[in-house]
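K.L.:
Questions regarding the structure given below will be posed in turn.
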Amino acid sequence: MRKREWIYGWLLILPALTLIFLFTHFPAVLTLLHSVFSTPRGRKAAHFVGPANYERMIHDPVFWKVLTNNLWYALGTIPVAIALALLMAVLVNRPFPGRALSRMAFFTPTILPLIAVANIWLFFYTPGFGLIDQILGLFGQGQTNLLGDPATALPALMVVAVWKEAGFFMIFYLAALQAIPPQLAEAARIEGAGRWTIFRRITFPLLMPTTLFVSINAVINSFRLVDHIFILTNGGPDNASSLLLFYIYETSFRYWDTAYGATLTVVLLALLCLLAIGQFFFFERKVHYK
Amino acid sequence: MSRFDRYLWNAGAGLLALLWILPLLYAVWTAFHPAAYEADFTLTAPLTLENFGKAWQAAPFGRYFLNTFILVTGITAAQFVLCTLAAYGFARFRFPGRNILFSLVLLQLMVMPDILIVENYKIIRAFHLVDTLFAVALPYIASGFGVFLIRQTFMTVPRELDDAARIEGAGPLLTLWRVYVPLAKPTYLAYGLVSVSYHWNNFLWPLIVTNSVETRPVTVGLSVFATTDSGVEWSVINAATLMTSAPLLIAFLLFQRQFVQSFMRAGIK
């Protein structure tokens with residue numbers, strides 16, 4: 001009887017697990033393996049090179065550039081998107097005329113393809129013809145080149161990301177806000193607490209699990225989503241707006257240097273593992289409200 | 001809250017909402033007007049569908065849509081089957097290695113196939129599947145997220161129902177089909193909507209494994225169309241952009257409540 005349950009269990013999970021292993025765990029291990037080999041070229045098979053790819057990476061200014069870019073990208077988009085999401089949730093959690101419309105307006109960017117969204121924003125950013133320049137033109141201002149200037153290319157991408165993601169995070173805050181018992185705020189009000197105090201001392205701490213959940217998703221997305229780069233800047237000018245995954249794509253599929261691509265992927269995997277470990281400890285310590 | 005305060009909050013909410021939807025409204029404006037009105041917001045400007053016609057002619061969007069449709073339905077259907085079986089196994093059967101295997105499944109929530117493009121491409125090439133729709137779907141049809149989500153729902157099904165079905169003589173698969181699946185309908189709806197919009201929007205992996213019209217989904221088709229330097233007018237590109245997003249957008253407007261609730265349900269578990 002026991003044995004039969006085992007076999008049933010294994011058989012049920014077998015198809016899904018085989019595929020998950022084949023396209024997640026196996027390639028992750030292959031990534032590590034291929035990072036210590038050379039890229040096979042033509043007749044020349046891959047051969048063991050030890051830490052050579054990693055040495056190259058440490059001396060590769062583009063690698064450091066895209067890594068710092070990614071860091072700034074995460075730091076610049078995540079807090080802003082989360083703060084806006086929270087603001088949106090608070091705004092549309094109260095009944096008012098136009099609430100349904102507002103919710104829709106906030107959430108709609110979420111369901112559009114990032115690649116399509118990037119096209120729309122390209123019309124704003126383009127020098128000369130773009131909407132931003134046309135509007136500036138009305139005030140007699142000169143041309144801008146937001147995507148062509150190394151100082152503004154990455155921030156321009158960040159604006160798109162914030163616009164796309166804030167509405168997505170909003171719905172989690174909305175759900176969490178609706179789950180907070182109204183008696184808590186009422187009790188505080190009787191005690192004489194103002195609205196800001198109630199938000200800061202009651203609502204915000206109770207939203208902590210949501211904030212954490214949303215942050216982790218946001219961090220993963222900041223490494224995973226690079227579609228808009230293809231349309232808006234192609235990583236340029238001079239890699240000023242390139243992110244790690246985009247660089248991996250360029251290295252592996254434009255220059256076909258797959259060994260170096262694997263080495264760069266190891267860094268991305270390591271970062272995500274750090275995140276997983278961090279999440280584990282942070283969740284254990286900080287969140288006891290549930 | 002005083003009356004004035006309330007008005008202030010409402011105005012703030014309305015303003016932010018307007019700001020948020022403005023880019024989309026702008027895209028709609030340019031798509032439905034002649035190119036001359038790209039930055040001229042005269043309300044009486046003549047409406048036209050010409051841009052959509054031009055876009056449809058300029059690239060094989062019909063084929064792209066068909067590809068995306070096949071992909072999205074195929075992936076979602078396969079995910080439902082595989083994830084349901086695995087979720088049932090993890091939720092209701094005891095077997096050695098269950099916990100460690102489940103943690104390995106959860107690992108996919110962090111390390112998605114999206115970032116393992118280099119090695120996954122090699123695997124697909126080894127199977128001689130490059131430039132097929134099957135290759136676009138394959139890495140995604142067993143989803144750790146789906147297993148997790150459905151398992152959570154199956155765990156809430158009372159054991160008594162399961163036992164009752166067994167006493168009636170139903171085997172494990174029949175029990176799954178008759179008891180568990182019907183009770184998890186909201187979860188399937190939620191997961192289905194999330195999955196459909198995810199794969200409709202997916203870009204990087206299809207870009208890598210497809211290189212012909214017969215296999216490209218709309219997202220890749222759109223990028224090919226928009227980045228060719230053939231001097232395509234903006235209004236036409238915007239029409240194409242709206243076209244590729246339209247099915248999702250319309251579905252979202254029709255099933256707004258279900259969409260939002262689905263995303264919430266899928267995220268919170």
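All residue names refer to the structure tokens as shown: chains lettered A, B, ... in order, residues numbered from 1 in each chain, ligands numbered from 1 in order.
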Pull out every residue of chain B sitting within 7 Å of chain A, counting only C-alpha atoms, and send them as a ChimeraX atom specification.

P.N.:
/B:10,13-14,17,20-21,23,27,39,82-83,85-86,89,93-95,108,110-116,118-120,139,142,197,201,203-204,219,238,241,245,260,264

K.L.:
In Å, how far is it from atom CA of Pro150 of chain A to atom CA of Asn70 of chain A?

P.N.:
14.6 Å

K.L.:
List every residue of segment 72-153 of chain B that DSSP, applied to the backbone of this structure, assigns to alpha helix (DSSP H), and report them as a VMD selection string.

P.N.:
chain B and resid 72 to 92 98 to 106 117 to 126 133 to 137 144 to 153

K.L.:
What separation in Å, quoted to one decimal, exists between atom CA of His33 of chain B and atom CA of Leu47 of chain B?

P.N.:
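So the two atoms, atom CA of His33 of chain B and atom CA of Leu47 of chain B, lie 5.1 Å apart.
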
K.L.:
Would you mind listing what lies within 10 Å of Phe63 of chain A as a ChimeraX atom specification, with only C-alpha atoms counted and same-chain residues fewer than 5 positions away left out?

P.N.:
/A:56-58,68-69,239,242-244,247-248,264

K.L.:
So, with only C-alpha atoms as the atoms that count, which of B:Lys122, B:His128, B:His199, B:Arg166 lies closest to Thr76 of chain B?

P.N.:
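Of the candidates, the smallest distance to Thr76 of chain B is held by B:His199.
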
K.L.:
Quote the spacing between atom CA of Gly62 of chain B and atom CA of Ala137 of chain B in Å to one decimal place.

P.N.:
19.8 Å

K.L.:
Can you pull out every residue within 10 Å of segment 171-175 of chain B, counting only C-alpha atoms, but drop anything in the same chain fewer than 2 positions away, and send it as a list in words?

P.N.:
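The neighbour list is Glu5, Tyr8 and Leu12 of chain A; Leu85, Tyr88, Gly89, Arg92, Leu161, Asp162, Asp163, Ala164, Ala165, Arg166, Ile167, Glu168, Gly169, Trp177, Arg178, Val179, Tyr180 and Val181 of chain B.
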
K.L.:
Restricting the calculation to only C-alpha atoms: of B:Leu101, B:Leu138, B:Leu107, B:Val224, which residue gets closest to Ile237 of chain B?

P.N.:
B:Val224

K.L.:
Using only C-alpha atoms, pick whichever of B:Pro34, B:Pro186, B:Gly146, B:Pro247 has the shortest atom-to-atom distance to Glu50 of chain B.

P.N.:
B:Pro34

K.L.:
Give me the residues near Trp29 of chain B as a list of chain:residue names, where near means some atom within 9 Å (using only C-alpha atoms) and where sequence neighbours in that chain fewer than 5 positions away do not count.

P.N.:
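Final neighbour list, sorted by chain and number: B:Leu24, B:Tyr37, B:Glu38, B:Phe41, B:Ser235.
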
K.L.:
Suppose we keep N, CA, C and O atoms; can you now write the selection as a CSV table (one decimal), in the first residue's frame?

P.N.:
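Result written to again.csv:
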chain,number,residue,atom,x,y,z
B,24,LEU,N,-0.9,56.0,-23.4
B,24,LEU,CA,-1.8,55.1,-24.2
B,24,LEU,C,-2.8,55.9,-25.1
B,24,LEU,O,-3.0,55.6,-26.2
B,37,TYR,N,-1.4,64.9,-38.0
B,37,TYR,CA,-1.9,65.3,-36.6
B,37,TYR,C,-1.2,64.6,-35.5
B,37,TYR,O,-1.7,64.5,-34.4
B,38,GLU,N,0.1,64.2,-35.7
B,38,GLU,CA,0.9,63.5,-34.7
B,38,GLU,C,1.0,64.4,-33.5
B,38,GLU,O,1.1,63.9,-32.4
B,41,PHE,N,-3.3,68.5,-31.7
B,41,PHE,CA,-4.5,67.8,-31.1
B,41,PHE,C,-5.8,68.6,-31.3
B,41,PHE,O,-6.4,69.0,-30.4
B,235,SER,N,2.7,57.0,-37.2
B,235,SER,CA,1.3,56.7,-37.0
B,235,SER,C,1.0,55.2,-37.4
B,235,SER,O,0.2,54.5,-36.8

K.L.:
Might you pull out every residue within 6 Å of Thr215 of chain B, with only C-alpha atoms counted and same-chain residues fewer than 4 positions away left off, and present them as a ChimeraX atom specification?

P.N.:
/B:132-133,210
